[in-house]
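Asks: Take a look at model.cif, mmCIF, N, CA, C and O atoms:
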data_structure
#
loop_
_atom_site.label_atom_id
_atom_site.label_comp_id
_atom_site.auth_asym_id
_atom_site.auth_seq_id
_atom_site.Cartn_x
_atom_site.Cartn_y
_atom_site.Cartn_z
N MET A 869 112.80 -27.24 162.97
CA MET A 869 113.57 -27.95 163.99
C MET A 869 112.88 -27.76 165.35
O MET A 869 112.52 -26.64 165.71
N PRO A 870 112.69 -28.85 166.11
CA PRO A 870 112.03 -28.74 167.41
C PRO A 870 112.85 -27.88 168.38
O PRO A 870 114.08 -27.91 168.38
N THR A 871 112.15 -27.15 169.22
CA THR A 871 112.81 -26.33 170.24
C THR A 871 113.30 -27.23 171.39
O THR A 871 112.90 -28.39 171.49
N LEU A 872 114.12 -26.66 172.24
CA LEU A 872 114.59 -27.39 173.43
C LEU A 872 113.39 -27.82 174.27
O LEU A 872 113.32 -28.96 174.74
N HIS A 873 112.41 -26.93 174.43
CA HIS A 873 111.21 -27.27 175.19
C HIS A 873 110.51 -28.48 174.58
O HIS A 873 110.10 -29.40 175.29
N ASP A 874 110.36 -28.48 173.25
CA ASP A 874 109.71 -29.59 172.55
C ASP A 874 110.49 -30.90 172.75
O ASP A 874 109.88 -31.95 172.98
N ARG A 875 111.81 -30.84 172.66
CA ARG A 875 112.62 -32.05 172.82
C ARG A 875 112.53 -32.59 174.25
O ARG A 875 112.49 -33.81 174.46
N ILE A 876 112.47 -31.70 175.23
CA ILE A 876 112.33 -32.13 176.62
C ILE A 876 110.98 -32.82 176.82
O ILE A 876 110.90 -33.90 177.42
N LEU A 877 109.91 -32.24 176.30
CA LEU A 877 108.58 -32.84 176.45
C LEU A 877 108.50 -34.19 175.73
O LEU A 877 107.91 -35.14 176.26
N THR A 878 109.11 -34.30 174.57
CA THR A 878 109.13 -35.58 173.84
C THR A 878 109.87 -36.64 174.63
O THR A 878 109.40 -37.78 174.76
N ARG A 879 111.01 -36.27 175.18
CA ARG A 879 111.81 -37.23 175.99
C ARG A 879 111.04 -37.63 177.24
O ARG A 879 111.04 -38.80 177.62
N ALA A 880 110.38 -36.68 177.89
CA ALA A 880 109.61 -36.99 179.11
C ALA A 880 108.46 -37.93 178.80
O ALA A 880 108.14 -38.81 179.59
N ALA A 881 107.85 -37.77 177.64
CA ALA A 881 106.71 -38.61 177.25
C ALA A 881 107.16 -40.02 176.87
O ALA A 881 106.35 -40.96 176.94
N ALA A 882 108.41 -40.20 176.52
CA ALA A 882 108.89 -41.50 176.05
C ALA A 882 108.82 -42.59 177.11
O ALA A 882 108.74 -43.77 176.77
N ASN A 883 108.81 -42.23 178.39
CA ASN A 883 108.73 -43.23 179.45
C ASN A 883 107.29 -43.48 179.91
O ASN A 883 107.09 -44.16 180.91
N GLY A 884 106.34 -42.92 179.23
CA GLY A 884 104.94 -43.17 179.55
C GLY A 884 104.54 -42.58 180.89
O GLY A 884 105.06 -41.55 181.32
N GLU A 885 103.63 -43.26 181.57
CA GLU A 885 103.06 -42.78 182.83
C GLU A 885 104.09 -42.65 183.95
O GLU A 885 103.95 -41.82 184.83
N ARG A 886 105.11 -43.47 183.92
CA ARG A 886 106.11 -43.46 184.99
C ARG A 886 106.90 -42.17 185.01
O ARG A 886 107.22 -41.64 186.04
N GLY A 887 107.28 -41.68 183.84
CA GLY A 887 108.07 -40.46 183.76
C GLY A 887 109.55 -40.73 183.69
O GLY A 887 109.99 -41.88 183.67
N VAL A 888 110.30 -39.68 183.64
CA VAL A 888 111.76 -39.74 183.53
C VAL A 888 112.34 -38.79 184.56
O VAL A 888 111.75 -37.76 184.86
N THR A 889 113.48 -39.15 185.13
CA THR A 889 114.07 -38.27 186.13
C THR A 889 114.58 -36.99 185.48
O THR A 889 114.96 -36.97 184.31
N MET A 890 114.60 -35.94 186.29
CA MET A 890 115.11 -34.67 185.80
C MET A 890 116.57 -34.83 185.36
O MET A 890 116.98 -34.29 184.33
N GLY A 891 117.35 -35.61 186.10
CA GLY A 891 118.74 -35.85 185.74
C GLY A 891 118.88 -36.53 184.39
O GLY A 891 119.75 -36.17 183.58
N ALA A 892 118.02 -37.51 184.12
CA ALA A 892 118.07 -38.20 182.82
C ALA A 892 117.69 -37.25 181.69
O ALA A 892 118.26 -37.32 180.59
N LEU A 893 116.73 -36.36 181.95
CA LEU A 893 116.37 -35.35 180.94
C LEU A 893 117.57 -34.46 180.63
O LEU A 893 117.88 -34.21 179.46
N VAL A 894 118.22 -33.99 181.67
CA VAL A 894 119.38 -33.11 181.47
C VAL A 894 120.47 -33.85 180.69
O VAL A 894 121.00 -33.33 179.70
N GLU A 895 120.80 -35.06 181.11
CA GLU A 895 121.85 -35.83 180.43
C GLU A 895 121.51 -36.07 178.96
O GLU A 895 122.37 -35.98 178.08
N SER A 896 120.24 -36.37 178.69
CA SER A 896 119.80 -36.62 177.32
C SER A 896 119.98 -35.37 176.45
O SER A 896 120.47 -35.46 175.32
N MET A 897 119.61 -34.22 176.98
CA MET A 897 119.73 -32.98 176.21
C MET A 897 121.21 -32.56 176.07
O MET A 897 121.59 -31.98 175.06
N LEU A 898 122.04 -32.87 177.07
CA LEU A 898 123.47 -32.58 176.97
C LEU A 898 124.09 -33.33 175.80
O LEU A 898 124.94 -32.80 175.09
N ARG A 899 123.66 -34.58 175.61
CA ARG A 899 124.20 -35.40 174.51
C ARG A 899 123.86 -34.80 173.14
O ARG A 899 124.51 -35.10 172.15
N HIS A 900 122.84 -33.95 173.11
CA HIS A 900 122.45 -33.30 171.85
C HIS A 900 123.08 -31.91 171.73
O HIS A 900 122.69 -31.13 170.86
N GLY A 901 124.02 -31.59 172.63
CA GLY A 901 124.78 -30.36 172.50
C GLY A 901 124.21 -29.14 173.20
O GLY A 901 124.69 -28.03 172.99
N ASN A 902 123.18 -29.32 174.02
CA ASN A 902 122.62 -28.18 174.74
C ASN A 902 123.45 -27.86 175.97
O ASN A 902 124.12 -28.72 176.53
N ASP A 903 123.39 -26.62 176.42
CA ASP A 903 124.09 -26.15 177.61
C ASP A 903 123.29 -26.53 178.86
O ASP A 903 122.06 -26.40 178.88
N VAL A 904 123.97 -27.00 179.91
CA VAL A 904 123.29 -27.49 181.11
C VAL A 904 122.38 -26.42 181.73
O VAL A 904 121.26 -26.73 182.14
N GLU A 905 122.84 -25.18 181.79
CA GLU A 905 122.01 -24.13 182.39
C GLU A 905 120.75 -23.87 181.56
O GLU A 905 119.67 -23.64 182.11
N ASP A 906 120.87 -23.93 180.24
CA ASP A 906 119.71 -23.76 179.37
C ASP A 906 118.71 -24.89 179.56
O ASP A 906 117.50 -24.67 179.58
N ILE A 907 119.22 -26.10 179.70
CA ILE A 907 118.34 -27.27 179.89
C ILE A 907 117.60 -27.15 181.21
O ILE A 907 116.37 -27.32 181.27
N GLU A 908 118.33 -26.88 182.28
CA GLU A 908 117.70 -26.77 183.60
C GLU A 908 116.65 -25.65 183.61
O GLU A 908 115.55 -25.83 184.13
N ARG A 909 117.00 -24.52 183.02
CA ARG A 909 116.04 -23.40 182.97
C ARG A 909 114.79 -23.80 182.19
O ARG A 909 113.66 -23.52 182.60
N ALA A 910 114.97 -24.49 181.07
CA ALA A 910 113.84 -24.92 180.25
C ALA A 910 112.94 -25.89 181.03
O ALA A 910 111.70 -25.79 180.96
N ILE A 911 113.53 -26.81 181.78
CA ILE A 911 112.72 -27.76 182.57
C ILE A 911 111.90 -27.00 183.60
O ILE A 911 110.70 -27.24 183.75
N TRP A 912 112.53 -26.06 184.33
CA TRP A 912 111.79 -25.29 185.34
C TRP A 912 110.73 -24.42 184.69
O TRP A 912 109.63 -24.25 185.25
N GLU A 913 111.00 -23.87 183.50
CA GLU A 913 109.98 -23.08 182.79
C GLU A 913 108.79 -23.96 182.41
O GLU A 913 107.63 -23.55 182.55
N LEU A 914 109.07 -25.18 181.93
CA LEU A 914 107.98 -26.09 181.57
C LEU A 914 107.16 -26.48 182.80
O LEU A 914 105.94 -26.62 182.73
N MET A 915 107.82 -26.66 183.94
CA MET A 915 107.09 -26.97 185.17
C MET A 915 106.27 -25.76 185.62
O MET A 915 105.11 -25.90 186.05
N ALA A 916 106.83 -24.56 185.52
CA ALA A 916 106.13 -23.34 185.95
C ALA A 916 104.90 -23.07 185.11
O ALA A 916 103.91 -22.52 185.60
N THR A 917 104.93 -23.47 183.85
CA THR A 917 103.78 -23.25 182.96
C THR A 917 102.89 -24.49 182.85
O THR A 917 102.04 -24.56 181.97
N ARG A 918 103.12 -25.45 183.73
CA ARG A 918 102.33 -26.68 183.82
C ARG A 918 102.34 -27.51 182.54
O ARG A 918 101.40 -28.24 182.24
N GLN A 919 103.43 -27.44 181.79
CA GLN A 919 103.56 -28.31 180.63
C GLN A 919 104.30 -29.60 181.00
O GLN A 919 104.25 -30.58 180.26
N LEU A 920 104.97 -29.56 182.14
CA LEU A 920 105.71 -30.70 182.66
C LEU A 920 105.39 -30.78 184.14
O LEU A 920 105.34 -29.75 184.82
N THR A 921 105.12 -31.99 184.63
CA THR A 921 104.70 -32.11 186.02
C THR A 921 105.32 -33.36 186.66
O THR A 921 105.57 -34.35 185.96
N PRO A 922 105.56 -33.32 187.96
CA PRO A 922 106.08 -34.51 188.64
C PRO A 922 105.04 -35.64 188.65
O PRO A 922 103.85 -35.40 188.80
N SER A 923 105.52 -36.86 188.46
CA SER A 923 104.64 -38.03 188.54
C SER A 923 105.08 -38.95 189.68
O SER A 923 104.48 -39.98 189.90
N GLY A 924 106.13 -38.57 190.36
CA GLY A 924 106.67 -39.37 191.44
C GLY A 924 108.10 -38.96 191.68
O GLY A 924 108.50 -37.85 191.32
N TYR A 925 108.86 -39.87 192.25
CA TYR A 925 110.27 -39.57 192.51
C TYR A 925 111.08 -40.86 192.53
O TYR A 925 110.56 -41.94 192.71
N ALA A 926 112.37 -40.69 192.29
CA ALA A 926 113.32 -41.78 192.42
C ALA A 926 114.12 -41.50 193.68
O ALA A 926 114.58 -40.38 193.89
N ALA A 927 114.23 -42.49 194.55
CA ALA A 927 114.99 -42.35 195.79
C ALA A 927 116.25 -43.19 195.69
O ALA A 927 116.21 -44.33 195.23
N ARG A 928 117.35 -42.61 196.11
CA ARG A 928 118.61 -43.33 196.09
C ARG A 928 119.29 -43.17 197.44
O ARG A 928 119.17 -42.12 198.08
N VAL A 929 119.99 -44.20 197.86
CA VAL A 929 120.79 -44.13 199.08
C VAL A 929 122.24 -44.09 198.65
O VAL A 929 122.73 -45.00 197.98
N LEU A 930 122.90 -43.01 198.99
CA LEU A 930 124.31 -42.84 198.67
C LEU A 930 125.11 -43.20 199.92
O LEU A 930 124.86 -42.65 200.99
N ARG A 931 126.03 -44.10 199.79
CA ARG A 931 126.80 -44.56 200.94
C ARG A 931 128.26 -44.13 200.76
O ARG A 931 128.86 -44.37 199.73
N ARG A 932 128.79 -43.48 201.78
CA ARG A 932 130.20 -43.08 201.75
C ARG A 932 130.78 -43.18 203.14
O ARG A 932 130.06 -43.33 204.11
N ARG A 933 132.05 -43.08 203.22
CA ARG A 933 132.73 -43.16 204.52
C ARG A 933 132.91 -41.76 205.09
O ARG A 933 133.23 -40.82 204.38
N ASP A 934 132.70 -41.64 206.40
CA ASP A 934 132.94 -40.36 207.06
C ASP A 934 134.43 -40.24 207.40
O ASP A 934 135.24 -41.09 207.03
N GLN A 935 134.79 -39.20 208.11
CA GLN A 935 136.21 -38.95 208.43
C GLN A 935 136.85 -40.04 209.27
O GLN A 935 138.05 -40.22 209.25
N LEU A 936 136.02 -40.78 210.02
CA LEU A 936 136.54 -41.87 210.86
C LEU A 936 136.51 -43.22 210.15
O LEU A 936 136.89 -44.23 210.72
N GLY A 937 136.01 -43.23 208.91
CA GLY A 937 135.97 -44.46 208.15
C GLY A 937 134.67 -45.24 208.26
O GLY A 937 134.51 -46.28 207.64
N ALA A 938 133.71 -44.73 209.06
CA ALA A 938 132.42 -45.41 209.19
C ALA A 938 131.55 -45.12 207.97
O ALA A 938 131.58 -44.02 207.42
N LEU A 939 130.77 -46.12 207.56
CA LEU A 939 129.84 -45.92 206.44
C LEU A 939 128.67 -45.05 206.89
O LEU A 939 128.08 -45.28 207.95
N VAL A 940 128.33 -44.07 206.07
CA VAL A 940 127.23 -43.16 206.36
C VAL A 940 126.31 -43.13 205.14
O VAL A 940 126.78 -42.98 204.01
N ASP A 941 125.01 -43.30 205.38
CA ASP A 941 124.03 -43.23 204.30
C ASP A 941 123.50 -41.82 204.17
O ASP A 941 123.28 -41.12 205.16
N ARG A 942 123.27 -41.41 202.93
CA ARG A 942 122.64 -40.13 202.64
C ARG A 942 121.62 -40.38 201.55
O ARG A 942 121.92 -40.95 200.52
N ARG A 943 120.39 -39.96 201.79
CA ARG A 943 119.33 -40.18 200.82
C ARG A 943 119.26 -39.01 199.84
O ARG A 943 119.44 -37.86 200.22
N SER A 944 118.96 -39.36 198.60
CA SER A 944 118.83 -38.36 197.54
C SER A 944 117.53 -38.66 196.79
O SER A 944 117.25 -39.82 196.47
N TYR A 945 116.75 -37.62 196.52
CA TYR A 945 115.48 -37.78 195.82
C TYR A 945 115.48 -36.94 194.55
O TYR A 945 116.00 -35.83 194.54
N GLU A 946 114.89 -37.51 193.49
CA GLU A 946 114.86 -36.82 192.22
C GLU A 946 113.46 -36.98 191.61
O GLU A 946 112.92 -38.09 191.58
N PHE A 947 112.88 -35.88 191.15
CA PHE A 947 111.57 -35.92 190.53
C PHE A 947 111.55 -36.84 189.31
O PHE A 947 112.51 -36.87 188.54
N LEU A 948 110.44 -37.56 189.13
CA LEU A 948 110.11 -38.19 187.86
C LEU A 948 109.15 -37.22 187.18
O LEU A 948 108.19 -36.74 187.82
N LEU A 949 109.39 -36.89 185.93
CA LEU A 949 108.60 -35.87 185.24
C LEU A 949 107.89 -36.46 184.02
O LEU A 949 108.43 -37.31 183.33
N VAL A 950 106.68 -35.97 183.79
CA VAL A 950 105.88 -36.35 182.62
C VAL A 950 105.25 -35.08 182.06
O VAL A 950 105.06 -34.10 182.79
N PRO A 951 104.90 -35.10 180.77
CA PRO A 951 104.14 -33.97 180.24
C PRO A 951 102.80 -33.88 180.96
O PRO A 951 102.17 -34.90 181.26
N TRP A 952 102.37 -32.67 181.28
CA TRP A 952 101.09 -32.47 181.96
C TRP A 952 99.95 -32.70 180.98
O TRP A 952 100.08 -32.47 179.78
N SER A 953 98.84 -33.18 181.50
CA SER A 953 97.62 -33.31 180.71
C SER A 953 96.43 -33.04 181.62
O SER A 953 96.51 -33.26 182.84
N PRO A 954 95.31 -32.57 181.07
CA PRO A 954 94.13 -32.31 181.89
C PRO A 954 93.65 -33.55 182.66
O PRO A 954 93.12 -33.44 183.75
N GLU A 955 93.88 -34.74 182.10
CA GLU A 955 93.47 -35.97 182.76
C GLU A 955 94.18 -36.14 184.11
O GLU A 955 93.63 -36.71 185.04
N ARG A 956 95.40 -35.65 184.22
CA ARG A 956 96.14 -35.76 185.48
C ARG A 956 95.44 -35.02 186.61
O ARG A 956 95.53 -35.41 187.75
N ASP A 957 94.77 -33.92 186.30
CA ASP A 957 94.06 -33.16 187.33
C ASP A 957 92.84 -33.94 187.85
O ASP A 957 92.39 -33.69 188.95
N ARG A 958 92.34 -34.88 187.06
CA ARG A 958 91.17 -35.66 187.48
C ARG A 958 91.54 -36.92 188.22
O ARG A 958 90.68 -37.59 188.76
N GLU A 959 92.84 -37.27 188.26
CA GLU A 959 93.26 -38.49 188.95
C GLU A 959 93.17 -38.29 190.45
O GLU A 959 93.52 -37.22 190.96
N PRO A 960 92.72 -39.31 191.17
CA PRO A 960 92.69 -39.18 192.62
C PRO A 960 94.11 -39.13 193.17
O PRO A 960 95.03 -39.76 192.65
N SER A 961 94.30 -38.32 194.19
CA SER A 961 95.62 -38.27 194.81
C SER A 961 95.77 -39.45 195.75
O SER A 961 94.80 -39.97 196.30
N SER A 962 97.00 -39.92 195.89
CA SER A 962 97.21 -41.08 196.76
C SER A 962 97.90 -40.70 198.04
O SER A 962 98.31 -39.64 198.27
#
Using the file provided, produce a representation of the structure as structure tokens.
Replies:
Amino acid sequence: MPTLHDRILTRAAANGERGVTMGALVESMLRHGNDVEDIERAIWELMATRQLTPSGYAARVLRRRDQLGALVDRRSYEFLLVPWSPERDREPSS
């Protein structure tokens, strides 16, 4: 049976070069019965050991009303993650 680390890497690879958000990885593993803290720890362990690496980010604007009723925007950023490969180290940075 594949380990949690293996399942995370497989899911991250499924989106190809673009990657998958960390949130989508967590939600995907939750649906398979894993504990959220275990999933988050596994993702950070994979990043720390360079088995998983950011490929970009997803930016979202969250709009809500403040105490006076005015709309206020708040930006939120989330890593897009892909399995690391030696070829990524040879890519030019942009």
Asks: Just how far from atom O of Met915 (chain A) is CA of Val894 (chain A), in Å to one decimal?
Replies: 16.6 Å
Asks: Between A:Val904, A:Leu930, A:Ala881, A:Met890, which has the minimum distance to Arg943 (chain A) (counting all atoms listed in the file)?
Replies: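 Under the stated criterion, the closest residue is A:Leu930.
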Asks: Taking the file as shown, what set of residues would the PyMOL selection byres (((chain A and resi 931 and name CA) around 9) and name CA) give back, as a PyMOL selection string?
Replies: chain A and resi 929-930+932-933+939-943
Asks: Name the residues in contact with Ala882 (chain A) at a cut-off of 8 Å, using only N, CA, C and O atoms, excluding same-chain residues fewer than 5 positions from it; report them as a list in words.
Replies: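 Contacts, in chain order: Arg875, Ile876, Leu877, Gly887, Val888, Leu949, Val950 and Pro951 of chain A.
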Asks: Set the distance at 10 Å and use only C-alpha atoms: which residues neighbour Leu914 (chain A) once local chain neighbours fewer than 2 positions away are removed? I'd like the list as a PDB file with N, CA, C and O atoms, keeping the file's coordinate frame.
Replies:
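Listed below is the output, result_13.pdb:
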ATOM      1  N   HIS A 873     112.410 -26.930 174.430  1.00  0.00           N
ATOM      2  CA  HIS A 873     111.210 -27.270 175.190  1.00  0.00           C
ATOM      3  C   HIS A 873     110.510 -28.480 174.580  1.00  0.00           C
ATOM      4  O   HIS A 873     110.100 -29.400 175.290  1.00  0.00           O
ATOM      5  N   ASP A 874     110.360 -28.480 173.250  1.00  0.00           N
ATOM      6  CA  ASP A 874     109.710 -29.590 172.550  1.00  0.00           C
ATOM      7  C   ASP A 874     110.490 -30.900 172.750  1.00  0.00           C
ATOM      8  O   ASP A 874     109.880 -31.950 172.980  1.00  0.00           O
ATOM      9  N   ILE A 876     112.470 -31.700 175.230  1.00  0.00           N
ATOM     10  CA  ILE A 876     112.330 -32.130 176.620  1.00  0.00           C
ATOM     11  C   ILE A 876     110.980 -32.820 176.820  1.00  0.00           C
ATOM     12  O   ILE A 876     110.900 -33.900 177.420  1.00  0.00           O
ATOM     13  N   LEU A 877     109.910 -32.240 176.300  1.00  0.00           N
ATOM     14  CA  LEU A 877     108.580 -32.840 176.450  1.00  0.00           C
ATOM     15  C   LEU A 877     108.500 -34.190 175.730  1.00  0.00           C
ATOM     16  O   LEU A 877     107.910 -35.140 176.260  1.00  0.00           O
ATOM     17  N   GLU A 908     118.330 -26.880 182.280  1.00  0.00           N
ATOM     18  CA  GLU A 908     117.700 -26.770 183.600  1.00  0.00           C
ATOM     19  C   GLU A 908     116.650 -25.650 183.610  1.00  0.00           C
ATOM     20  O   GLU A 908     115.550 -25.830 184.130  1.00  0.00           O
ATOM     21  N   ARG A 909     117.000 -24.520 183.020  1.00  0.00           N
ATOM     22  CA  ARG A 909     116.040 -23.400 182.970  1.00  0.00           C
ATOM     23  C   ARG A 909     114.790 -23.800 182.190  1.00  0.00           C
ATOM     24  O   ARG A 909     113.660 -23.520 182.600  1.00  0.00           O
ATOM     25  N   ALA A 910     114.970 -24.490 181.070  1.00  0.00           N
ATOM     26  CA  ALA A 910     113.840 -24.920 180.250  1.00  0.00           C
ATOM     27  C   ALA A 910     112.940 -25.890 181.030  1.00  0.00           C
ATOM     28  O   ALA A 910     111.700 -25.790 180.960  1.00  0.00           O
ATOM     29  N   ILE A 911     113.530 -26.810 181.780  1.00  0.00           N
ATOM     30  CA  ILE A 911     112.720 -27.760 182.570  1.00  0.00           C
ATOM     31  C   ILE A 911     111.900 -27.000 183.600  1.00  0.00           C
ATOM     32  O   ILE A 911     110.700 -27.240 183.750  1.00  0.00           O
ATOM     33  N   TRP A 912     112.530 -26.060 184.330  1.00  0.00           N
ATOM     34  CA  TRP A 912     111.790 -25.290 185.340  1.00  0.00           C
ATOM     35  C   TRP A 912     110.730 -24.420 184.690  1.00  0.00           C
ATOM     36  O   TRP A 912     109.630 -24.250 185.250  1.00  0.00           O
ATOM     37  N   ALA A 916     106.830 -24.560 185.520  1.00  0.00           N
ATOM     38  CA  ALA A 916     106.130 -23.340 185.950  1.00  0.00           C
ATOM     39  C   ALA A 916     104.900 -23.070 185.110  1.00  0.00           C
ATOM     40  O   ALA A 916     103.910 -22.520 185.600  1.00  0.00           O
ATOM     41  N   THR A 917     104.930 -23.470 183.850  1.00  0.00           N
ATOM     42  CA  THR A 917     103.780 -23.250 182.960  1.00  0.00           C
ATOM     43  C   THR A 917     102.890 -24.490 182.850  1.00  0.00           C
ATOM     44  O   THR A 917     102.040 -24.560 181.970  1.00  0.00           O
ATOM     45  N   ARG A 918     103.120 -25.450 183.730  1.00  0.00           N
ATOM     46  CA  ARG A 918     102.330 -26.680 183.820  1.00  0.00           C
ATOM     47  C   ARG A 918     102.340 -27.510 182.540  1.00  0.00           C
ATOM     48  O   ARG A 918     101.400 -28.240 182.240  1.00  0.00           O
ATOM     49  N   GLN A 919     103.430 -27.440 181.790  1.00  0.00           N
ATOM     50  CA  GLN A 919     103.560 -28.310 180.630  1.00  0.00           C
ATOM     51  C   GLN A 919     104.300 -29.600 181.000  1.00  0.00           C
ATOM     52  O   GLN A 919     104.250 -30.580 180.260  1.00  0.00           O
ATOM     53  N   LEU A 920     104.970 -29.560 182.140  1.00  0.00           N
ATOM     54  CA  LEU A 920     105.710 -30.700 182.660  1.00  0.00           C
ATOM     55  C   LEU A 920     105.390 -30.780 184.140  1.00  0.00           C
ATOM     56  O   LEU A 920     105.340 -29.750 184.820  1.00  0.00           O
ATOM     57  N   THR A 921     105.120 -31.990 184.630  1.00  0.00           N
ATOM     58  CA  THR A 921     104.700 -32.110 186.020  1.00  0.00           C
ATOM     59  C   THR A 921     105.320 -33.360 186.660  1.00  0.00           C
ATOM     60  O   THR A 921     105.570 -34.350 185.960  1.00  0.00           O
ATOM     61  N   PRO A 951     104.900 -35.100 180.770  1.00  0.00           N
ATOM     62  CA  PRO A 951     104.140 -33.970 180.240  1.00  0.00           C
ATOM     63  C   PRO A 951     102.800 -33.880 180.960  1.00  0.00           C
ATOM     64  O   PRO A 951     102.170 -34.900 181.260  1.00  0.00           O
ATOM     65  N   TRP A 952     102.370 -32.670 181.280  1.00  0.00           N
ATOM     66  CA  TRP A 952     101.090 -32.470 181.960  1.00  0.00           C
ATOM     67  C   TRP A 952      99.950 -32.700 180.980  1.00  0.00           C
ATOM     68  O   TRP A 952     100.080 -32.470 179.780  1.00  0.00           O
TER      69      TRP A 952
END
Asks: Please measure the separation of atom C of Glu946 (chain A) and atom O of Ala926 (chain A), giving the value in Å to one decimal.
Replies: 4.2 Å
Asks: In Å, how far is it from CA of Ser896 (chain A) to CA of Asn883 (chain A)?
Replies: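 Answer for the CA of Ser896 (chain A) to CA of Asn883 (chain A) separation: 13.1 Å.
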Asks: Which is closer to Glu895 (chain A) than all the others in A:Met869, A:Arg879, A:Pro954, A:Phe947, using only C-alpha atoms?
Replies: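 Closest candidate: A:Arg879.
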Asks: Quick one: everything within 4.5 Å of Leu948 (chain A), counting all atoms listed in the file, minus sequence neighbours fewer than 5 positions away in the same chain. Send it as a ChimeraX atom specification.
Replies: /A:888-889,921-925
Asks: Among the residues of chain A, find those DSSP assigns to alpha helix (DSSP H) from the backbone and print them as a ChimeraX atom specification.
Replies: /A:872-881,890-899,904-916,954-958
Asks: Which of chain A counts as strand (DSSP E or B) under DSSP, as number ranges by chain please?
Replies: A: 888-889, 920-933, 939-951
Asks: Specify the axis-aligned box that encloses all atoms of region 922-931 of chain A listed in the file after padding of 4 Å on each side, stating its centre and edge lengths in Å to one decimal as AutoDock Vina command-line options.
Replies:
--center_x 116.4 --center_y -39.2 --center_z 194.5 --size_x 33.0 --size_y 19.7 --size_z 21.0
